[in-house]
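Chemist: File input.txt follows (compact mmCIF, C-alpha atoms):
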```
# COMPACT_ATOMS: atom_id res chain seq x y z
CA MET K 1 96.14 140.61 162.91
CA GLU K 2 93.18 140.08 165.27
CA GLY K 3 90.67 139.72 162.43
CA LYS K 4 91.48 143.15 161.00
CA LEU K 5 92.72 143.80 157.49
CA PHE K 6 94.16 147.20 158.34
CA THR K 7 96.63 147.11 161.24
CA GLY K 8 97.51 150.80 161.29
CA GLU K 9 101.04 150.18 159.96
CA SER K 10 100.30 152.07 156.75
CA LEU K 11 97.61 154.25 155.23
CA PRO K 12 94.12 152.74 154.89
CA PRO K 13 93.28 151.18 151.49
CA VAL K 14 91.21 154.13 150.24
CA MET K 15 94.04 156.57 150.92
CA MET K 16 96.60 154.24 149.32
CA GLY K 17 94.26 153.81 146.34
CA LEU K 18 93.83 157.57 145.94
CA LYS K 19 97.59 158.05 146.12
CA ARG K 20 98.15 155.42 143.41
CA LEU K 21 95.28 156.87 141.35
CA SER K 22 96.96 160.29 141.45
CA HIS K 23 100.19 158.65 140.22
CA GLY K 24 98.26 157.09 137.35
CA ILE K 25 96.63 160.35 136.33
CA PHE K 26 100.01 162.10 136.51
CA TYR K 27 101.59 159.52 134.18
CA LEU K 28 98.70 159.76 131.71
CA VAL K 29 99.06 163.56 131.57
CA ILE K 30 102.82 163.17 131.01
CA SER K 31 102.02 160.64 128.28
CA LEU K 32 99.68 163.03 126.50
CA ILE K 33 102.20 165.87 126.62
CA SER K 34 105.28 163.83 125.70
CA THR K 35 103.67 161.90 122.84
CA SER K 36 102.62 165.18 121.25
CA ILE K 37 106.27 166.24 121.31
CA PHE K 38 107.67 162.86 120.18
CA SER K 39 105.04 161.74 117.67
CA THR K 40 104.88 158.54 115.67
CA GLU K 41 104.00 160.50 112.53
CA TYR K 42 107.36 162.27 112.63
CA ILE K 43 109.18 158.93 112.48
CA PHE K 44 107.59 158.30 109.07
CA SER K 45 108.34 161.79 107.74
CA SER K 46 111.07 162.82 105.32
CA GLU K 47 112.49 165.22 107.95
CA PHE K 48 113.16 162.25 110.25
CA ALA K 49 114.82 160.35 107.39
CA ASP K 50 117.11 163.35 106.81
CA LEU K 51 118.39 163.28 110.41
CA ILE K 52 121.82 161.80 111.06
CA PHE K 53 121.76 158.32 112.57
CA PRO K 54 122.54 159.39 116.17
CA GLY K 55 119.71 161.94 115.95
CA ARG K 56 117.25 159.29 114.75
CA LEU K 57 118.39 156.91 117.46
CA LEU K 58 117.96 159.57 120.15
CA TYR K 59 114.50 160.49 118.86
CA VAL K 60 113.32 156.86 118.74
CA THR K 61 114.68 156.30 122.25
CA CYS K 62 112.78 159.33 123.61
CA TRP K 63 109.67 158.35 121.64
CA GLY K 64 109.77 154.83 123.09
CA HIS K 65 110.35 156.05 126.63
CA CYS K 66 107.46 158.51 126.37
CA GLY K 67 105.23 155.70 125.13
CA LEU K 68 105.83 153.83 128.39
CA TYR K 69 104.06 156.50 130.43
CA LYS K 70 100.62 155.42 129.22
CA TYR K 71 101.31 151.93 130.57
CA LEU K 72 102.57 153.35 133.85
CA GLY K 73 99.39 155.40 134.13
CA VAL K 74 97.01 152.57 133.31
CA TRP K 75 98.80 150.13 135.62
CA CYS K 76 98.73 152.62 138.50
CA ILE K 77 95.01 153.27 137.98
CA ALA K 78 94.22 149.54 137.78
CA GLU K 79 96.28 148.93 140.90
CA SER K 80 94.47 151.75 142.71
CA SER K 81 91.09 150.13 142.08
CA CYS K 82 92.41 146.89 143.60
CA MET K 83 93.73 148.85 146.59
CA TYR K 84 90.29 150.30 147.30
CA VAL K 85 88.91 146.84 148.04
CA GLY K 86 92.01 145.53 149.80
CA TYR K 87 93.21 143.05 147.15
CA THR K 88 96.77 144.39 147.12
CA TYR K 89 97.45 144.07 150.85
CA ASN K 90 100.35 141.63 151.25
CA GLY K 91 99.93 141.02 154.99
CA HIS K 92 103.16 142.76 155.92
CA GLY K 93 101.88 146.32 156.19
CA LYS K 94 102.32 147.06 152.49
CA TRP K 95 99.84 147.45 149.65
CA ASP K 96 101.99 146.04 146.83
CA GLY K 97 100.53 142.56 146.39
CA LEU K 98 99.43 143.24 142.78
CA ARG K 99 102.07 145.80 141.87
CA ASN K 100 103.01 145.49 138.22
CA VAL K 101 105.54 148.29 138.13
CA ALA K 102 107.77 149.72 140.83
CA THR K 103 107.73 153.33 139.61
CA SER K 104 110.50 154.64 141.90
CA ALA K 105 112.85 151.78 141.03
CA PHE K 106 112.01 152.15 137.33
CA HIS K 107 112.88 155.84 137.24
CA GLN K 108 116.01 155.46 139.37
CA SER K 109 117.41 152.43 137.54
CA SER K 110 120.90 152.68 136.15
CA LYS K 111 121.18 149.13 134.84
CA LEU K 112 119.03 147.20 132.39
CA GLN K 113 118.43 144.50 135.01
CA ASP K 114 116.99 147.14 137.35
CA VAL K 115 114.57 148.21 134.61
CA ILE K 116 113.56 144.60 133.95
CA ASP K 117 113.08 143.94 137.69
CA SER K 118 110.88 147.02 138.16
CA TRP K 119 108.75 146.78 134.99
CA ASN K 120 105.93 144.31 134.38
CA ILE K 121 106.84 142.53 137.61
CA ASN K 122 104.19 139.80 137.60
CA THR K 123 104.68 138.92 133.93
CA SER K 124 108.46 138.77 134.36
CA ALA K 125 108.11 136.43 137.33
CA TRP K 126 105.72 134.21 135.37
CA CYS K 127 108.03 134.10 132.32
CA ALA K 128 111.07 133.33 134.46
CA LYS K 129 109.25 130.43 136.12
CA HIS K 130 107.34 128.99 133.17
CA ILE K 131 109.53 129.73 130.12
CA TYR K 132 113.12 130.66 130.97
CA LYS K 133 113.66 127.97 133.62
CA ARG K 134 111.92 125.33 131.49
CA CYS K 135 114.43 125.97 128.71
CA LYS K 136 117.35 124.85 130.93
CA PHE K 137 117.54 121.58 129.02
CA LEU K 138 118.89 123.57 126.05
CA GLY K 139 122.07 124.21 128.04
CA SER K 140 122.33 127.88 127.08
CA LYS K 141 121.21 130.86 129.12
CA ILE K 142 121.39 133.04 126.02
CA LEU K 143 119.12 130.72 124.04
CA SER K 144 116.68 130.46 126.97
CA GLN K 145 116.67 134.24 127.28
CA ASN K 146 116.08 134.72 123.56
CA ILE K 147 113.20 132.22 123.54
CA THR K 148 111.66 134.08 126.48
CA MET K 149 112.07 137.43 124.69
CA ILE K 150 110.52 136.05 121.49
CA TYR K 151 107.58 134.71 123.49
CA LEU K 152 107.11 138.08 125.19
CA ALA K 153 107.32 139.94 121.89
CA LEU K 154 104.69 137.66 120.33
CA TRP K 155 102.52 137.98 123.44
CA HIS K 156 102.62 141.78 123.24
CA GLY K 157 101.63 141.82 119.58
CA LEU K 158 102.97 142.02 116.06
CA HIS K 159 104.30 145.56 116.20
CA PHE K 160 107.74 146.65 115.03
CA GLY K 161 108.42 148.64 118.21
CA ILE K 162 107.75 145.59 120.39
CA PHE K 163 110.15 143.36 118.49
CA SER K 164 112.70 146.16 118.37
CA ALA K 165 112.54 146.66 122.15
CA PHE K 166 112.77 142.97 123.01
CA SER K 167 115.57 142.27 120.53
CA ARG K 168 117.47 145.29 121.87
CA SER K 169 116.98 144.06 125.45
CA SER K 170 118.18 140.60 124.52
CA PHE K 171 121.21 142.03 122.71
CA ILE K 172 122.13 144.28 125.65
CA CYS K 173 121.78 141.43 128.18
CA THR K 174 123.92 139.14 126.02
CA TRP K 175 126.52 141.86 125.47
CA LYS K 176 126.60 142.68 129.18
CA ARG K 177 127.05 139.01 130.11
CA ALA K 178 129.89 138.65 127.58
CA LEU K 179 131.55 141.84 128.86
CA LEU K 180 131.36 140.66 132.48
CA LEU K 181 132.88 137.30 131.56
CA THR K 182 135.95 138.98 130.00
CA ARG K 183 136.75 140.94 133.13
```
Any chance you could give the structure as structure tokens?
Modeler:
Amino acid sequence: MEGKLFTGESLPPVMMGLKRLSHGIFYLVISLISTSIFSTEYIFSSEFADLIFPGRLLYVTCWGHCGLYKYLGVWCIAESSCMYVGYTYNGHGKWDGLRNVATSAFHQSSKLQDVIDSWNINTSAWCAKHIYKRCKFLGSKILSQNITMIYLALWHGLHFGIFSAFSRSSFICTWKRALLLTR
């Protein structure tokens, strides 16, 4: 690299940072708009309780998805500040060394594993290395996965939505594994 951080293979760090900053601002605006449409208060209302079960399930799914946009926005903004000073340069012409979410892969995912692989990337890698793989002695991938999910849920906080999301993810992964084994 001849003593240079920027080799000309990609945009300079300030431009990459501004691009990521604009993504973050976009996601925060989407978060503000979507959470006003899918509000938490409505979930606790009598009108929500009167909905049929599929309607409640659809609403909660949309509400949860809209809640993710604030995290996308904040992560993109935090990543942009690291790009400005060159921390995210990975040495291979890319500025993704501290990327915590792969936004394109997240939005284009069609499988749960794709969502998991593109969301909270650094935390997932840490949990796989330090929790999931250390539970191998239990002899059960499902048990190791559930322990990892419980740890993540506790780490994120004592909130019903967190435990709901992680238990649903664990259930879907277990169900998918069982379905694939029967084929």
Chemist: Could you state the separation of CA of Leu57 in chain K and CA of Ile172 in chain K in Å, given to one decimal place?
Modeler: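 These atoms are spaced 15.5 Å apart.
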Chemist: Which one of K:Tyr27, K:Tyr132, K:Leu154, K:Thr123 sits closest to Gly73 in chain K if you count only C-alpha atoms?
Modeler: K:Tyr27
Chemist: Of the candidates K:Met16, K:Ala125, K:Cys135, K:Val60, which one gets nearest to Gly161 in chain K if we count only C-alpha atoms?
Modeler: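 When distances to Gly161 in chain K are compared using only C-alpha atoms, the smallest one comes from K:Val60.
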Chemist: Would you mind reading off the distance between CA of Ile116 in chain K and CA of Val14 in chain K, one decimal, in Å?
Modeler: 29.3 Å
Chemist: In Å to one decimal, how far is CA of Lys129 in chain K from CA of Asn90 in chain K?
Modeler: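 Taking CA of Asn90 in chain K and CA of Lys129 in chain K, their separation equals 20.8 Å.
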Chemist: Report as number ranges by chain all protein, DNA and RNA residues lying within 8 Å of range 164-168 of chain K, evaluated on only C-alpha atoms, omitting residues in the same chain fewer than 2 positions from it.
Modeler: K: 149-150, 152-153, 160-162, 170-172
Chemist: Convert the current residue selection to file output with C-alpha atoms, as a PDB file, in the frame of the given file.
Modeler:
```pdb
ATOM      1  CA  MET K 149     112.070 137.430 124.690  1.00  0.00           C
ATOM      2  CA  ILE K 150     110.520 136.050 121.490  1.00  0.00           C
ATOM      3  CA  LEU K 152     107.110 138.080 125.190  1.00  0.00           C
ATOM      4  CA  ALA K 153     107.320 139.940 121.890  1.00  0.00           C
ATOM      5  CA  PHE K 160     107.740 146.650 115.030  1.00  0.00           C
ATOM      6  CA  GLY K 161     108.420 148.640 118.210  1.00  0.00           C
ATOM      7  CA  ILE K 162     107.750 145.590 120.390  1.00  0.00           C
ATOM      8  CA  SER K 170     118.180 140.600 124.520  1.00  0.00           C
ATOM      9  CA  PHE K 171     121.210 142.030 122.710  1.00  0.00           C
ATOM     10  CA  ILE K 172     122.130 144.280 125.650  1.00  0.00           C
TER      11      ILE K 172
END
```
Chemist: What's the 10 Å shell around range 20-26 of chain K, counting only C-alpha atoms, without same-chain residues fewer than 6 positions away, as a list in words?
Modeler: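 Answer for this query is Val14, Tyr69, Lys70, Tyr71, Leu72, Gly73, Val74, Trp75, Cys76, Ile77, Ala78, Glu79, Ser80, Ser81, Met83 and Thr103 of chain K.
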Chemist: Restricting it to C-alpha atoms, dump the selection as a compact mmCIF listing (two decimals), in the coordinates of the input.
Modeler:
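The resulting again_13.txt:
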```
# COMPACT_ATOMS: atom_id res chain seq x y z
CA VAL K 14 91.21 154.13 150.24
CA TYR K 69 104.06 156.50 130.43
CA LYS K 70 100.62 155.42 129.22
CA TYR K 71 101.31 151.93 130.57
CA LEU K 72 102.57 153.35 133.85
CA GLY K 73 99.39 155.40 134.13
CA VAL K 74 97.01 152.57 133.31
CA TRP K 75 98.80 150.13 135.62
CA CYS K 76 98.73 152.62 138.50
CA ILE K 77 95.01 153.27 137.98
CA ALA K 78 94.22 149.54 137.78
CA GLU K 79 96.28 148.93 140.90
CA SER K 80 94.47 151.75 142.71
CA SER K 81 91.09 150.13 142.08
CA MET K 83 93.73 148.85 146.59
CA THR K 103 107.73 153.33 139.61
```
Chemist: Using only C-alpha atoms, which of K:Asp96, K:Trp126, K:Tyr84, K:Tyr59 sits nearest Leu18 in chain K?
Modeler: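 Closest residue, counting only C-alpha atoms: K:Tyr84.
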Chemist: Write out as number ranges by chain which residues come within 8 Å of Thr148 in chain K when counting only C-alpha atoms, dropping same-chain ones fewer than 3 positions away.
Modeler: K: 127, 131-132, 144-145, 151-152
Chemist: Restricting the calculation to only C-alpha atoms, which member of K:Leu138, K:Trp63, K:His92, K:Val101 is positioned closest to Ser124 in chain K?
Modeler: K:Val101
Chemist: Nearest to Ser140 in chain K: which of K:Thr174, K:Ser118, K:Ser31, K:Ser39 is it, counting all atoms listed in the file?
Modeler: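 Checking each of K:Thr174, K:Ser118, K:Ser31, K:Ser39 against Ser140 in chain K, counting all atoms listed in the file, the winner is K:Thr174.
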Chemist: Find the residue from K:Val85, K:Leu98, K:Ser110, K:Leu158 that sits nearest to Asn122 in chain K; use only C-alpha atoms when measuring.
Modeler: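 Under the stated criterion, the closest residue is K:Leu98.
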Chemist: Pick out the residues sitting within 8 Å of range 32-38 of chain K, and hand them over as a short mmCIF file (atom, residue, chain, number, x, y, z; two decimals) with C-alpha atoms, keeping the file's coordinate frame; count only C-alpha atoms, and ignore anything fewer than 4 positions along from it in its own chain.
Modeler:
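Wrote out_15.cif, looks like this:
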```
data_model
loop_
_atom_site.label_atom_id
_atom_site.label_comp_id
_atom_site.auth_asym_id
_atom_site.auth_seq_id
_atom_site.Cartn_x
_atom_site.Cartn_y
_atom_site.Cartn_z
CA LEU K 28 98.70 159.76 131.71
CA TYR K 42 107.36 162.27 112.63
CA TYR K 59 114.50 160.49 118.86
CA CYS K 62 112.78 159.33 123.61
CA TRP K 63 109.67 158.35 121.64
CA CYS K 66 107.46 158.51 126.37
CA GLY K 67 105.23 155.70 125.13
#
```
Chemist: Calculate, to one decimal in Å, the centre and edge lengths of the box along x, y and z of the file that holds all listed atoms of range 140-159 of chain K with 5 Å of margin on each side, and present them as AutoDock Vina command-line options.
Modeler:
```
--center_x 112.0 --center_y 136.7 --center_z 122.6 --size_x 30.7 --size_y 27.7 --size_z 23.1
```
